[in-house]
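Accompanying notes for the structure given below.
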Amino acid sequence: MPDQPTPAQSTSPLDATLIAGLRQDLVQAPYTVERIEEVLGVRAHAALHRDQPLLAEQVTRASNDPVATLVRCFVLGLPVTEAKLAAATPRTGLRGLADLALITGASTGDDSDHPTESQRKATCDLRPYGDERHTWWIASDLSASAIGGPLPTSHVLGVGGASTTLASWTPRINVDRALDLGTGCGVQALHLAGHCASPVVVTDLSERALAYARFTAALNEVDLEFRTGSLLEPVAGEEFDLIVSNPPFVITPRGGDLPLYEYRDGGATGDALVADLVHEIGVHLRPGGIAQLLGNWELGSGEDWRERLSGWLEGTGLDAWVVQREEQDVAEYAETWARDGGQQAETADFRRLYAAWLADFDARGIERVGFGIVTLQRPTADRMPWLDLTEASSGPVASPMGPSVLAGLRARTWLAEHTDDELLDVRWQVEQDVTEERIGRPGALDPQVIQVRQGGGLRRVVRLDTLAAGFVGACDGDLTARQLCAGLAVLTQTTPETVQAQVLAVVRDLAKDGLLRAAAPSPAD
């Protein structure tokens, strides 16, 4: 399918009035996530999120609600009558929508309910998106279900699972300079603009993506600074306080006639693109600066993902916290991405793509692919960088995760900069969201398993031995760790030094993710 023209190839001053009118129309509708769910109903709304548009098509067909019209046009990609579309966008009008390249020219006969009326179709996807404080509108290319076939390789992706994951995990600290590396439709830049003092710098190799990002920024009255180029090239010699990137991390076979999608395929062999990005990004971070990335990494037979990621990070001088959320067999990975471009399973094209992925993995001895979140920090102090490679299942975590990520960075940094003796002189306290579980046989005097469970953050479950459980149970902020260890030494008839050696590892492990925290100083301290 040939590319449609992108909306507002340049947001010139003449376009500003049209865009302002469209913004007012979307507010007036009101075209929000909550209102869409109300109009579609729970079932149709949930099905649409699963890329099953049929129920939404049925609900919106005969509706005169402006939101139903906007969904039918700009989400489902279906023709709507000029009368309905004009009523849904009274300030912009059909002429304004056409001037912004948001709709095609008039046609008739596509809608069985209105076979003789003039109708218009959208050139792009335009839908609401938001967080706890904002409602935005995001423009991108229409989905595979909307266009009814495979995507063009220049497709600009809208808000998906990866982008929402990255947005959730990004720390929302106030910064002077921020970079959205590989912006796509611009969703990460919208988030960053809310806590960045200067215009967020956004980069992308795709001019089409940048056109969408410009339009999205103008529609949401957000000031961004746009750069064209590959990865870090457009910001050579510059430093930032916060860098966010959802890079083209998909591991796609090289060569042959396979389609290479700009939004996901970076042109490198295997996971080299993400590896190189991790290794090079540090020179663009100010002291104390943070980089938040998503990535895939490939794993050979018996290879531990921690060893692979440690190799990526060696010599960077950066603190690094990597959380692996998922690990897929290469066959499952190939199936996922062979379907991603809109290919239907069991077609000849799907089988060709699937076979190419499997052959590439087999030729290079790859058995599994990991997915996770990479958080990097440039230290402010002259010290050895810390490294934490964490396995966390793909189960629920706190949402948003950004506050937990920031707290985790600060806790790990504090731990790296303090000795064991200093930790022993802290009065530790169990965090409020932590509960204890004791599991044993019915009627048994002692539990077989003692563990603590975190209610927020990564929702960690940590198994403790009897000594560690006794220590954690006594952490109420009254006594220092050294004092508690002395008491436990008496109870266990051993030396305080022996108890301290066992307890310190537990303290560091629980403190880094906020299961334990330092109690507030008392007036006597």
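Naming works like this for the structure tokens: A, B, ... for the chains as they're shown, residue 1 at the start of each chain, ligands 1 onward in shown order.
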Near-Arg172 in chain A list (8 Å; only C-alpha atoms; drop same-chain fewer than 4 positions) as a PyMOL selection string: chain A and resi 192+195+402-403
Those same residues - C-alpha atoms - I'd like them written as an mmCIF file, in the first residue's frame.
```cif
data_model
loop_
_atom_site.group_PDB
_atom_site.id
_atom_site.type_symbol
_atom_site.label_atom_id
_atom_site.label_comp_id
_atom_site.auth_asym_id
_atom_site.auth_seq_id
_atom_site.Cartn_x
_atom_site.Cartn_y
_atom_site.Cartn_z
ATOM 1 C CA LEU A 192 9.165 14.932 28.980
ATOM 2 C CA HIS A 195 9.191 18.388 33.559
ATOM 3 C CA GLY A 402 8.900 6.010 37.389
ATOM 4 C CA PRO A 403 8.768 6.962 41.095
#
```
Selection near Asp478 in chain A, 9 Å with only C-alpha atoms, sequence-local residues under 6 positions removed, as number ranges by chain: A: 427-429, 519
Same residues, all heavy atoms, output as a JSON list (two decimals), in the first residue's frame:
```json
[["chain", "number", "residue", "atom", "x", "y", "z"],
["A", 427, "ARG", "N", 19.22, 3.39, 61.57],
["A", 427, "ARG", "CA", 18.00, 2.80, 62.16],
["A", 427, "ARG", "C", 17.04, 2.50, 61.01],
["A", 427, "ARG", "O", 16.42, 3.40, 60.46],
["A", 427, "ARG", "CB", 17.37, 3.76, 63.17],
["A", 427, "ARG", "CG", 18.25, 4.02, 64.39],
["A", 427, "ARG", "CD", 17.61, 4.94, 65.42],
["A", 427, "ARG", "NE", 17.40, 6.27, 64.87],
["A", 427, "ARG", "CZ", 16.21, 6.79, 64.58],
["A", 427, "ARG", "NH1", 15.11, 6.08, 64.77],
["A", 427, "ARG", "NH2", 16.10, 8.02, 64.10],
["A", 428, "TRP", "N", 16.95, 1.23, 60.65],
["A", 428, "TRP", "CA", 16.15, 0.81, 59.51],
["A", 428, "TRP", "C", 14.70, 0.56, 59.90],
["A", 428, "TRP", "O", 14.40, 0.17, 61.03],
["A", 428, "TRP", "CB", 16.74, -0.45, 58.87],
["A", 428, "TRP", "CG", 18.09, -0.22, 58.27],
["A", 428, "TRP", "CD1", 19.29, -0.55, 58.83],
["A", 428, "TRP", "CD2", 18.38, 0.40, 57.03],
["A", 428, "TRP", "NE1", 20.33, -0.17, 58.02],
["A", 428, "TRP", "CE2", 19.79, 0.42, 56.90],
["A", 428, "TRP", "CE3", 17.60, 0.96, 56.03],
["A", 428, "TRP", "CZ2", 20.43, 0.97, 55.78],
["A", 428, "TRP", "CZ3", 18.24, 1.50, 54.91],
["A", 428, "TRP", "CH2", 19.64, 1.51, 54.80],
["A", 429, "GLN", "N", 13.83, 0.80, 58.92],
["A", 429, "GLN", "CA", 12.40, 0.63, 59.16],
["A", 429, "GLN", "C", 11.77, -0.08, 57.95],
["A", 429, "GLN", "O", 12.10, 0.22, 56.79],
["A", 429, "GLN", "CB", 11.74, 2.00, 59.34],
["A", 429, "GLN", "CG", 10.28, 1.94, 59.77],
["A", 429, "GLN", "CD", 9.79, 3.31, 60.22],
["A", 429, "GLN", "OE1", 10.51, 4.31, 60.14],
["A", 429, "GLN", "NE2", 8.58, 3.37, 60.73],
["A", 519, "ALA", "N", 14.99, 5.22, 58.88],
["A", 519, "ALA", "CA", 13.99, 5.94, 59.66],
["A", 519, "ALA", "C", 14.38, 7.40, 59.78],
["A", 519, "ALA", "O", 15.57, 7.76, 59.74],
["A", 519, "ALA", "CB", 13.85, 5.31, 61.04]]
```
Shell of 8 Å around Val449 in chain A, only C-alpha atoms, local chain residues under 5 positions omitted, as JSON, numbers by chain: {"A": [437, 438, 439, 440, 463, 464]}
For Ala88 in chain A: contacts at 8 Å, only C-alpha atoms, fewer than 2 positions along chain excluded, given as a PyMOL selection string: chain A and resi 25+29+65-67+69-70+84-86+90
Those same residues - N, CA, C and O atoms - I'd like them written as a short mmCIF file (atom, residue, chain, number, x, y, z; two decimals), in the first residue's frame.
```cif
data_model
loop_
_atom_site.label_atom_id
_atom_site.label_comp_id
_atom_site.auth_asym_id
_atom_site.auth_seq_id
_atom_site.Cartn_x
_atom_site.Cartn_y
_atom_site.Cartn_z
N ASP A 25 -12.12 21.75 18.77
CA ASP A 25 -13.12 20.74 18.41
C ASP A 25 -12.94 19.46 19.24
O ASP A 25 -13.92 18.87 19.71
N ALA A 29 -15.70 17.98 21.96
CA ALA A 29 -16.41 16.72 21.67
C ALA A 29 -16.97 15.97 22.89
O ALA A 29 -18.14 15.57 22.85
N ASP A 65 -23.11 10.76 17.70
CA ASP A 65 -22.23 11.35 18.70
C ASP A 65 -20.90 11.75 18.04
O ASP A 65 -20.31 10.97 17.29
N PRO A 66 -20.43 13.00 18.27
CA PRO A 66 -19.17 13.43 17.66
C PRO A 66 -18.00 12.50 17.96
O PRO A 66 -17.14 12.28 17.10
N VAL A 67 -17.96 11.95 19.18
CA VAL A 67 -16.87 11.04 19.54
C VAL A 67 -16.94 9.77 18.71
O VAL A 67 -15.91 9.24 18.25
N THR A 69 -18.15 9.50 15.72
CA THR A 69 -17.71 9.88 14.38
C THR A 69 -16.19 9.95 14.30
O THR A 69 -15.57 9.44 13.34
N LEU A 70 -15.56 10.58 15.30
CA LEU A 70 -14.10 10.71 15.31
C LEU A 70 -13.42 9.35 15.43
O LEU A 70 -12.39 9.10 14.77
N LYS A 84 -21.66 14.23 9.03
CA LYS A 84 -21.26 13.83 10.39
C LYS A 84 -19.89 14.39 10.75
O LYS A 84 -19.66 14.86 11.87
N LEU A 85 -18.96 14.33 9.79
CA LEU A 85 -17.62 14.80 10.08
C LEU A 85 -17.60 16.31 10.30
O LEU A 85 -16.91 16.81 11.20
N ALA A 86 -18.37 17.03 9.52
CA ALA A 86 -18.45 18.48 9.70
C ALA A 86 -19.09 18.82 11.04
O ALA A 86 -18.66 19.77 11.73
N PRO A 90 -16.79 21.37 14.00
CA PRO A 90 -17.41 22.58 13.45
C PRO A 90 -16.42 23.72 13.22
O PRO A 90 -16.61 24.54 12.31
#
```
For Ile103 in chain A: contacts at 7 Å, only C-alpha atoms, fewer than 4 positions along chain excluded, given as a ChimeraX atom specification: /A:97-98,120-123
